[in-house]
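Only one structure is covered here, and it is reproduced in the block below.
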Amino acid sequence: MIAQDKKAWDEGFQAGKDGQARQCPSPAVSAEAWSWHRGWREGEARRPKSDQPPFSALLSRRPRHP
């Protein structure tokens, strides 16, 4: 089981809520990256619908890792 990193989740949540692209600052295979992306998805879901781009635009915003 992976333990969620609260700090990474909070940062991802804020990025998703603000409409930022999913560019995780953590290494690709890490608990921090997993937590960040989970937070991003939650933040993205909490954005007002009028602020969300169409679904086709989200497809091009796949996770990118440094």
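Labels used: A, B, ... for chains in the order of the structure tokens, numbers from 1 for residues in each chain, and numbers from 1 for ligands as shown.
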Query raised in the report: Residues at most 10 Å from Gly16 (chain A), counting only C-alpha atoms, excluding those fewer than 4 positions away in the same chain, as a ChimeraX atom specification?
Result: /A:10-12,20-22,36-47
Write the residues of the preceding selection, restricted to N, CA, C and O atoms, as an mmCIF file, in the first residue's frame.
data_model
loop_
_atom_site.group_PDB
_atom_site.id
_atom_site.type_symbol
_atom_site.label_atom_id
_atom_site.label_comp_id
_atom_site.auth_asym_id
_atom_site.auth_seq_id
_atom_site.Cartn_x
_atom_site.Cartn_y
_atom_site.Cartn_z
ATOM 1 N N ASP A 10 -1.602 18.294 -1.354
ATOM 2 C CA ASP A 10 -2.069 19.682 -1.249
ATOM 3 C C ASP A 10 -1.575 20.529 -2.417
ATOM 4 O O ASP A 10 -2.326 21.332 -2.975
ATOM 5 N N GLU A 11 -0.313 20.343 -2.798
ATOM 6 C CA GLU A 11 0.247 21.104 -3.923
ATOM 7 C C GLU A 11 -0.441 20.725 -5.230
ATOM 8 O O GLU A 11 -0.757 21.592 -6.050
ATOM 9 N N GLY A 12 -0.677 19.435 -5.431
ATOM 10 C CA GLY A 12 -1.385 18.983 -6.624
ATOM 11 C C GLY A 12 -2.816 19.488 -6.662
ATOM 12 O O GLY A 12 -3.316 19.907 -7.708
ATOM 13 N N GLN A 20 -3.854 24.701 -13.559
ATOM 14 C CA GLN A 20 -2.499 24.549 -14.093
ATOM 15 C C GLN A 20 -2.353 23.188 -14.768
ATOM 16 O O GLN A 20 -3.041 22.233 -14.426
ATOM 17 N N ALA A 21 -1.450 23.120 -15.720
ATOM 18 C CA ALA A 21 -1.159 21.854 -16.391
ATOM 19 C C ALA A 21 -0.595 20.868 -15.381
ATOM 20 O O ALA A 21 -0.005 21.266 -14.371
ATOM 21 N N ARG A 22 -0.776 19.574 -15.658
ATOM 22 C CA ARG A 22 -0.288 18.544 -14.736
ATOM 23 C C ARG A 22 1.197 18.322 -14.954
ATOM 24 O O ARG A 22 1.603 17.430 -15.676
ATOM 25 N N TRP A 36 0.582 13.724 -5.627
ATOM 26 C CA TRP A 36 0.395 14.988 -6.344
ATOM 27 C C TRP A 36 -0.686 14.832 -7.410
ATOM 28 O O TRP A 36 -1.583 15.657 -7.530
ATOM 29 N N HIS A 37 -0.614 13.746 -8.189
ATOM 30 C CA HIS A 37 -1.588 13.533 -9.252
ATOM 31 C C HIS A 37 -2.987 13.270 -8.705
ATOM 32 O O HIS A 37 -3.977 13.713 -9.286
ATOM 33 N N ARG A 38 -3.072 12.564 -7.580
ATOM 34 C CA ARG A 38 -4.375 12.344 -6.950
ATOM 35 C C ARG A 38 -4.955 13.687 -6.496
ATOM 36 O O ARG A 38 -6.143 13.956 -6.672
ATOM 37 N N GLY A 39 -4.127 14.532 -5.915
ATOM 38 C CA GLY A 39 -4.581 15.857 -5.497
ATOM 39 C C GLY A 39 -4.987 16.712 -6.679
ATOM 40 O O GLY A 39 -5.984 17.440 -6.635
ATOM 41 N N TRP A 40 -4.223 16.616 -7.778
ATOM 42 C CA TRP A 40 -4.531 17.401 -8.983
ATOM 43 C C TRP A 40 -5.914 17.033 -9.508
ATOM 44 O O TRP A 40 -6.711 17.899 -9.844
ATOM 45 N N ARG A 41 -6.200 15.744 -9.547
ATOM 46 C CA ARG A 41 -7.505 15.302 -10.048
ATOM 47 C C ARG A 41 -8.642 15.826 -9.163
ATOM 48 O O ARG A 41 -9.687 16.232 -9.666
ATOM 49 N N GLU A 42 -8.424 15.795 -7.868
ATOM 50 C CA GLU A 42 -9.447 16.314 -6.950
ATOM 51 C C GLU A 42 -9.626 17.821 -7.142
ATOM 52 O O GLU A 42 -10.754 18.320 -7.157
ATOM 53 N N GLY A 43 -8.526 18.545 -7.272
ATOM 54 C CA GLY A 43 -8.601 19.987 -7.490
ATOM 55 C C GLY A 43 -9.270 20.324 -8.807
ATOM 56 O O GLY A 43 -10.082 21.248 -8.889
ATOM 57 N N GLU A 44 -8.940 19.582 -9.857
ATOM 58 C CA GLU A 44 -9.548 19.788 -11.167
ATOM 59 C C GLU A 44 -11.061 19.581 -11.088
ATOM 60 O O GLU A 44 -11.838 20.333 -11.669
ATOM 61 N N ALA A 45 -11.482 18.578 -10.330
ATOM 62 C CA ALA A 45 -12.914 18.292 -10.187
ATOM 63 C C ALA A 45 -13.637 19.380 -9.406
ATOM 64 O O ALA A 45 -14.841 19.575 -9.590
ATOM 65 N N ARG A 46 -12.938 20.106 -8.562
ATOM 66 C CA ARG A 46 -13.560 21.154 -7.739
ATOM 67 C C ARG A 46 -13.626 22.504 -8.442
ATOM 68 O O ARG A 46 -14.259 23.423 -7.929
ATOM 69 N N ARG A 47 -12.944 22.622 -9.589
ATOM 70 C CA ARG A 47 -13.000 23.892 -10.318
ATOM 71 C C ARG A 47 -14.407 24.138 -10.832
ATOM 72 O O ARG A 47 -15.106 23.200 -11.206
#
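Relative to CA of Ile2 (chain A), CA of Glu32 (chain A) is found at 9.8 Å.
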Report summary line: A straight line from CA of Ala15 (chain A) to CA of Ala3 (chain A) spans 20.6 Å
Report task. Have a look at CA of Gln4 (chain A) and CA of Lys49 (chain A) and let me know their distance in Å, one decimal. Result ->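 If I compute the distance from CA of Gln4 (chain A) to CA of Lys49 (chain A), I get 27.2 Å.
Of the listed residues A:Ala28, A:Ser35, A:Pro48, A:Gly19, the one whose atoms come nearest to Lys7 (chain A) is A:Ser35, with distances taken using only C-alpha atoms.
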